[in-house]
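> This is the structure I have questions about; it appears just below.
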Amino acid sequence: MTPEFIARLHPDASTARRLAFALMCGVVAEAHGWIPGHLTNRASSDTQGASFGDALALSLHTVSLHAPALVGGDILDAISVPKRHTIDDRACGDYIAWVGAQHLEQEEPLVAYELGVLALGIELPGVMLRSLREVRLDVDTTVCETPDGGGYATAFLSSMHPHWGKRAVLCASTDDGERLSLWASVLLHGGFAIEPGRLIRTTSMQDIRNLPACDLLLIYNPASWMGDVRAIRDAFRATWAILV
């Protein structure tokens, strides 16, 4: 069930959730200074009329230029001038102000990541923190996470091993999995300057076999088509793997 403060954003529940996610990414990016402050400078005052709609569209278009999967073509279409009237400006202003009040730029990246999960309404299984805490990582250890973990296990891993260089490849087989994986990468790397190949769309075992071998495989929330744990590890050609 979509929370009321998100459902008010748009009459279509799925669009409302994706819009909430995109707006959250925009607010956090603005607070960090990764993009200009189009949204946060207006959220608490003028939320009516064309100027607010233009500011909202400008912010999301800016995010999309840096990280297209965070916004998506459906949201860019929803905020286009011909369709913008379906969006509730006041609800957007309230939501933007609420996200800004969380001061996520002052929190660990994991907090902003989990707010993204909340916005999209995705249910991710619990993460086995002990296995992540006890793993031994060097600064240049390469890590890969199975689809569709969305980068959640990797975000926990990074928070527990701050010396690690975040050399991670996140795999996704769905649009929401890609959104979350990209958001995790942005937060872990402190901005949109992410090396190519950090996020891989994988929809078959052959796609996975074509990936470079990794030092550590995080088997977390694996897609049903991937088979058992042994098949997954063999396909990724990992030196070692942990089930999280």
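Every chain in the structure tokens has a letter given in the order shown (A, B, ...), and although residue numbers restart at 1 in each chain, ligands are simply numbered from 1 in the order shown.
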List as a VMD selection string the protein and nucleic acid residues near range 136-142 of chain A, meaning an atom at most 12 Å away when only C-alpha atoms are counted, but skip any in the same chain fewer than 3 places from it.
chain A and resid 131 to 133 145 154 157 to 158 160 to 170 198 212 to 218 238 to 242
> For the residues in that selection, give me N, CA and C atoms as a short mmCIF file (atom, residue, chain, number, x, y, z; two decimals), in the first residue's frame.

data_model
loop_
_atom_site.label_atom_id
_atom_site.label_comp_id
_atom_site.auth_asym_id
_atom_site.auth_seq_id
_atom_site.Cartn_x
_atom_site.Cartn_y
_atom_site.Cartn_z
N SER A 131 28.07 -11.89 8.55
CA SER A 131 28.93 -12.34 7.45
C SER A 131 29.64 -11.17 6.80
N LEU A 132 28.99 -10.03 6.70
CA LEU A 132 29.62 -8.86 6.12
C LEU A 132 30.68 -8.27 7.05
N ARG A 133 30.39 -8.32 8.34
CA ARG A 133 31.32 -7.75 9.31
C ARG A 133 32.62 -8.56 9.38
N GLU A 145 27.74 -7.98 -6.63
CA GLU A 145 26.49 -8.33 -5.95
C GLU A 145 25.48 -8.84 -6.96
N THR A 154 25.90 -4.35 -0.51
CA THR A 154 27.15 -3.62 -0.77
C THR A 154 27.21 -2.35 0.07
N LEU A 157 28.19 -3.41 3.44
CA LEU A 157 29.60 -3.80 3.42
C LEU A 157 30.51 -2.58 3.49
N SER A 158 30.18 -1.56 2.73
CA SER A 158 30.99 -0.35 2.71
C SER A 158 30.98 0.36 4.06
N MET A 160 30.70 -0.98 6.93
CA MET A 160 31.44 -1.76 7.93
C MET A 160 32.94 -1.81 7.64
N HIS A 161 33.34 -1.46 6.42
CA HIS A 161 34.75 -1.52 6.04
C HIS A 161 35.13 -0.22 5.34
N PRO A 162 35.24 0.88 6.08
CA PRO A 162 35.50 2.18 5.45
C PRO A 162 36.82 2.25 4.69
N HIS A 163 37.77 1.34 4.98
CA HIS A 163 39.05 1.35 4.26
C HIS A 163 38.93 0.78 2.86
N TRP A 164 37.84 0.04 2.63
CA TRP A 164 37.65 -0.59 1.32
C TRP A 164 37.44 0.47 0.24
N GLY A 165 38.00 0.25 -0.94
CA GLY A 165 37.94 1.24 -2.01
C GLY A 165 36.67 1.25 -2.83
N LYS A 166 35.66 0.50 -2.38
CA LYS A 166 34.34 0.50 -3.05
C LYS A 166 34.43 0.04 -4.50
N ARG A 167 35.29 -0.91 -4.77
CA ARG A 167 35.40 -1.45 -6.12
C ARG A 167 34.33 -2.52 -6.30
N ALA A 168 33.13 -2.06 -6.56
CA ALA A 168 31.97 -2.95 -6.61
C ALA A 168 31.29 -2.88 -7.97
N VAL A 169 30.78 -4.04 -8.40
CA VAL A 169 29.93 -4.14 -9.57
C VAL A 169 28.57 -4.63 -9.08
N LEU A 170 27.53 -3.87 -9.38
CA LEU A 170 26.18 -4.22 -8.95
C LEU A 170 25.39 -4.67 -10.18
N ARG A 198 30.20 -0.18 -13.51
CA ARG A 198 29.89 -0.41 -12.10
C ARG A 198 28.48 -0.96 -11.91
N PRO A 212 33.62 -9.79 -15.74
CA PRO A 212 34.96 -10.11 -15.23
C PRO A 212 34.87 -10.87 -13.91
N ALA A 213 35.82 -11.73 -13.64
CA ALA A 213 35.85 -12.44 -12.36
C ALA A 213 36.04 -11.43 -11.23
N CYS A 214 35.54 -11.78 -10.05
CA CYS A 214 35.65 -10.88 -8.90
C CYS A 214 36.29 -11.62 -7.73
N ASP A 215 36.76 -10.83 -6.75
CA ASP A 215 37.34 -11.42 -5.55
C ASP A 215 36.26 -11.96 -4.62
N LEU A 216 35.21 -11.16 -4.43
CA LEU A 216 34.15 -11.51 -3.48
C LEU A 216 32.79 -11.36 -4.14
N LEU A 217 31.97 -12.38 -4.01
CA LEU A 217 30.60 -12.34 -4.52
C LEU A 217 29.64 -12.26 -3.34
N LEU A 218 28.77 -11.25 -3.37
CA LEU A 218 27.71 -11.14 -2.38
C LEU A 218 26.44 -11.73 -2.98
N ALA A 238 33.78 -16.21 -8.93
CA ALA A 238 34.30 -15.48 -7.78
C ALA A 238 35.32 -16.32 -7.02
N THR A 239 36.33 -15.64 -6.48
CA THR A 239 37.33 -16.34 -5.64
C THR A 239 36.66 -16.90 -4.40
N TRP A 240 35.83 -16.08 -3.76
CA TRP A 240 35.03 -16.60 -2.67
C TRP A 240 33.70 -15.87 -2.66
N ALA A 241 32.74 -16.48 -1.99
CA ALA A 241 31.37 -15.94 -1.98
C ALA A 241 30.79 -16.06 -0.60
N ILE A 242 29.89 -15.14 -0.26
CA ILE A 242 29.17 -15.25 0.99
C ILE A 242 27.69 -15.03 0.70
#
> I'd like the neighbourhood of Ala78 in chain A as number ranges by chain, where a residue qualifies if any of its atoms comes within 12 Å (using only C-alpha atoms), though same-chain residues fewer than 3 positions away should be ignored.
A: 9-12, 14-16, 18-19, 22, 53, 56-57, 60-61, 71-75, 81-88
> Measuring between only C-alpha atoms, which one of A:His103, A:Pro3, A:Gly149, A:Phe236 shows the shortest distance to Leu118 in chain A?
A:Pro3
> Report, in Å to a single decimal, how far apart CA of Ile96 in chain A and CA of Ala69 in chain A are.
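Pair CA of Ala69 in chain A / CA of Ile96 in chain A returns 19.9 Å.
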> Just the strand (DSSP E) stuff from range 41-221 of chain A, please, per backbone DSSP, written as an MDAnalysis selection string.
chainID A and resid 142:145 167:172 199:201 214:219
> Once you have the residues from the selection above, write them out as a CSV table (one decimal), in the first residue's frame, restricted to all heavy atoms.

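Listing of part_18.csv after writing:
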chain,number,residue,atom,x,y,z
A,142,THR,N,37.8,-6.5,-5.3
A,142,THR,CA,36.7,-6.4,-6.2
A,142,THR,C,35.5,-7.2,-5.7
A,142,THR,O,35.6,-8.3,-5.3
A,142,THR,CB,37.1,-6.8,-7.6
A,142,THR,OG1,37.5,-8.1,-7.6
A,142,THR,CG2,38.2,-5.9,-8.1
A,143,VAL,N,34.4,-6.5,-5.7
A,143,VAL,CA,33.1,-7.1,-5.1
A,143,VAL,C,32.1,-7.1,-6.2
A,143,VAL,O,32.0,-6.1,-7.0
A,143,VAL,CB,32.7,-6.4,-3.9
A,143,VAL,CG1,31.3,-6.9,-3.4
A,143,VAL,CG2,33.7,-6.5,-2.7
A,144,CYS,N,31.2,-8.1,-6.2
A,144,CYS,CA,30.1,-8.2,-7.1
A,144,CYS,C,28.9,-8.6,-6.3
A,144,CYS,O,29.0,-9.5,-5.5
A,144,CYS,CB,30.4,-9.1,-8.3
A,144,CYS,SG,29.2,-8.9,-9.7
A,145,GLU,N,27.7,-8.0,-6.6
A,145,GLU,CA,26.5,-8.3,-5.9
A,145,GLU,C,25.5,-8.8,-7.0
A,145,GLU,O,25.3,-8.3,-8.0
A,145,GLU,CB,25.9,-7.1,-5.2
A,145,GLU,CG,24.6,-7.4,-4.4
A,145,GLU,CD,24.1,-6.2,-3.8
A,145,GLU,OE1,24.8,-5.6,-3.0
A,145,GLU,OE2,22.9,-5.8,-4.1
A,167,ARG,N,35.3,-0.9,-4.8
A,167,ARG,CA,35.4,-1.4,-6.1
A,167,ARG,C,34.3,-2.5,-6.3
A,167,ARG,O,34.6,-3.7,-6.2
A,167,ARG,CB,36.8,-2.0,-6.4
A,167,ARG,CG,37.9,-1.0,-6.3
A,167,ARG,CD,39.3,-1.6,-6.7
A,167,ARG,NE,39.2,-2.1,-8.0
A,167,ARG,CZ,40.2,-2.7,-8.6
A,167,ARG,NH1,41.3,-3.0,-7.9
A,167,ARG,NH2,40.2,-3.2,-9.8
A,168,ALA,N,33.1,-2.1,-6.6
A,168,ALA,CA,32.0,-3.0,-6.6
A,168,ALA,C,31.3,-2.9,-8.0
A,168,ALA,O,31.2,-1.8,-8.6
A,168,ALA,CB,31.0,-2.6,-5.5
A,169,VAL,N,30.8,-4.0,-8.4
A,169,VAL,CA,29.9,-4.1,-9.6
A,169,VAL,C,28.6,-4.6,-9.1
A,169,VAL,O,28.5,-5.7,-8.4
A,169,VAL,CB,30.5,-5.1,-10.6
A,169,VAL,CG1,29.5,-5.3,-11.7
A,169,VAL,CG2,31.8,-4.6,-11.2
A,170,LEU,N,27.5,-3.9,-9.4
A,170,LEU,CA,26.2,-4.2,-8.9
A,170,LEU,C,25.4,-4.7,-10.2
A,170,LEU,O,25.4,-4.0,-11.2
A,170,LEU,CB,25.5,-3.0,-8.3
A,170,LEU,CG,26.2,-2.4,-7.1
A,170,LEU,CD1,25.5,-1.2,-6.6
A,170,LEU,CD2,26.5,-3.4,-6.0
A,171,CYS,N,24.7,-5.8,-10.0
A,171,CYS,CA,23.9,-6.4,-11.2
A,171,CYS,C,22.5,-6.1,-10.9
A,171,CYS,O,22.0,-6.2,-9.8
A,171,CYS,CB,24.2,-7.8,-11.3
A,171,CYS,SG,26.0,-8.2,-11.7
A,172,ALA,N,21.7,-5.9,-12.0
A,172,ALA,CA,20.3,-5.7,-11.9
A,172,ALA,C,19.6,-6.3,-13.1
A,172,ALA,O,20.1,-6.2,-14.2
A,172,ALA,CB,20.0,-4.2,-11.8
A,199,LEU,N,27.6,-0.7,-12.9
A,199,LEU,CA,26.2,-1.2,-12.8
A,199,LEU,C,26.0,-2.0,-14.1
A,199,LEU,O,26.1,-1.4,-15.2
A,199,LEU,CB,25.2,-0.1,-12.7
A,199,LEU,CG,23.8,-0.4,-12.8
A,199,LEU,CD1,23.4,-1.5,-11.7
A,199,LEU,CD2,22.9,0.8,-12.6
A,200,ILE,N,25.6,-3.2,-14.0
A,200,ILE,CA,25.5,-4.1,-15.2
A,200,ILE,C,24.0,-4.7,-15.2
A,200,ILE,O,23.6,-5.2,-14.2
A,200,ILE,CB,26.5,-5.3,-15.2
A,200,ILE,CG1,27.9,-4.7,-15.1
A,200,ILE,CG2,26.3,-6.1,-16.4
A,200,ILE,CD1,28.4,-4.0,-16.2
A,201,ARG,N,23.4,-4.5,-16.3
A,201,ARG,CA,22.1,-5.1,-16.5
A,201,ARG,C,22.3,-6.5,-16.9
A,201,ARG,O,22.9,-6.8,-18.0
A,201,ARG,CB,21.3,-4.3,-17.6
A,201,ARG,CG,19.8,-4.7,-17.6
A,201,ARG,CD,19.0,-4.1,-16.4
A,201,ARG,NE,17.6,-4.4,-16.5
A,201,ARG,CZ,16.7,-3.6,-16.5
A,201,ARG,NH1,16.9,-2.3,-16.5
A,201,ARG,NH2,15.4,-3.9,-16.6
A,214,CYS,N,35.5,-11.8,-10.0
A,214,CYS,CA,35.6,-10.9,-8.9
A,214,CYS,C,36.3,-11.6,-7.7
A,214,CYS,O,36.3,-12.8,-7.7
A,214,CYS,CB,34.3,-10.3,-8.5
A,214,CYS,SG,33.1,-11.6,-8.0
A,215,ASP,N,36.8,-10.8,-6.8
A,215,ASP,CA,37.3,-11.4,-5.5
A,215,ASP,C,36.3,-12.0,-4.6
A,215,ASP,O,36.4,-13.1,-4.1
A,215,ASP,CB,38.2,-10.4,-4.8
A,215,ASP,CG,39.4,-9.9,-5.6
A,215,ASP,OD1,40.0,-10.7,-6.3
A,215,ASP,OD2,39.7,-8.7,-5.5
A,216,LEU,N,35.2,-11.2,-4.4
A,216,LEU,CA,34.2,-11.5,-3.5
A,216,LEU,C,32.8,-11.4,-4.1
A,216,LEU,O,32.5,-10.3,-4.7
A,216,LEU,CB,34.2,-10.6,-2.2
A,216,LEU,CG,33.1,-10.7,-1.2
A,216,LEU,CD1,33.0,-12.1,-0.6
A,216,LEU,CD2,33.2,-9.6,-0.2
A,217,LEU,N,32.0,-12.4,-4.0
A,217,LEU,CA,30.6,-12.3,-4.5
A,217,LEU,C,29.6,-12.3,-3.3
A,217,LEU,O,29.7,-13.1,-2.4
A,217,LEU,CB,30.3,-13.6,-5.4
A,217,LEU,CG,28.9,-13.8,-5.8
A,217,LEU,CD1,28.5,-12.6,-6.8
A,217,LEU,CD2,28.7,-15.1,-6.5
A,218,LEU,N,28.8,-11.3,-3.4
A,218,LEU,CA,27.7,-11.1,-2.4
A,218,LEU,C,26.4,-11.7,-3.0
A,218,LEU,O,25.9,-11.2,-3.9
A,218,LEU,CB,27.5,-9.7,-2.0
A,218,LEU,CG,28.7,-8.9,-1.5
A,218,LEU,CD1,28.3,-7.5,-1.1
A,218,LEU,CD2,29.3,-9.6,-0.2
A,219,ILE,N,26.0,-12.9,-2.5
A,219,ILE,CA,24.8,-13.5,-3.0
A,219,ILE,C,23.7,-13.0,-2.1
A,219,ILE,O,23.5,-13.5,-1.0
A,219,ILE,CB,24.9,-15.0,-2.9
A,219,ILE,CG1,26.1,-15.5,-3.8
A,219,ILE,CG2,23.7,-15.7,-3.5
A,219,ILE,CD1,26.4,-17.0,-3.7
> As a ChimeraX atom specification, please: every residue in range 20-174 of chain A that a backbone DSSP assignment puts in helix (DSSP H, G or I).
/A:20-32,49-66,68-71,73-78,84-86,89-101,104-106,109-120,129-134,152-160
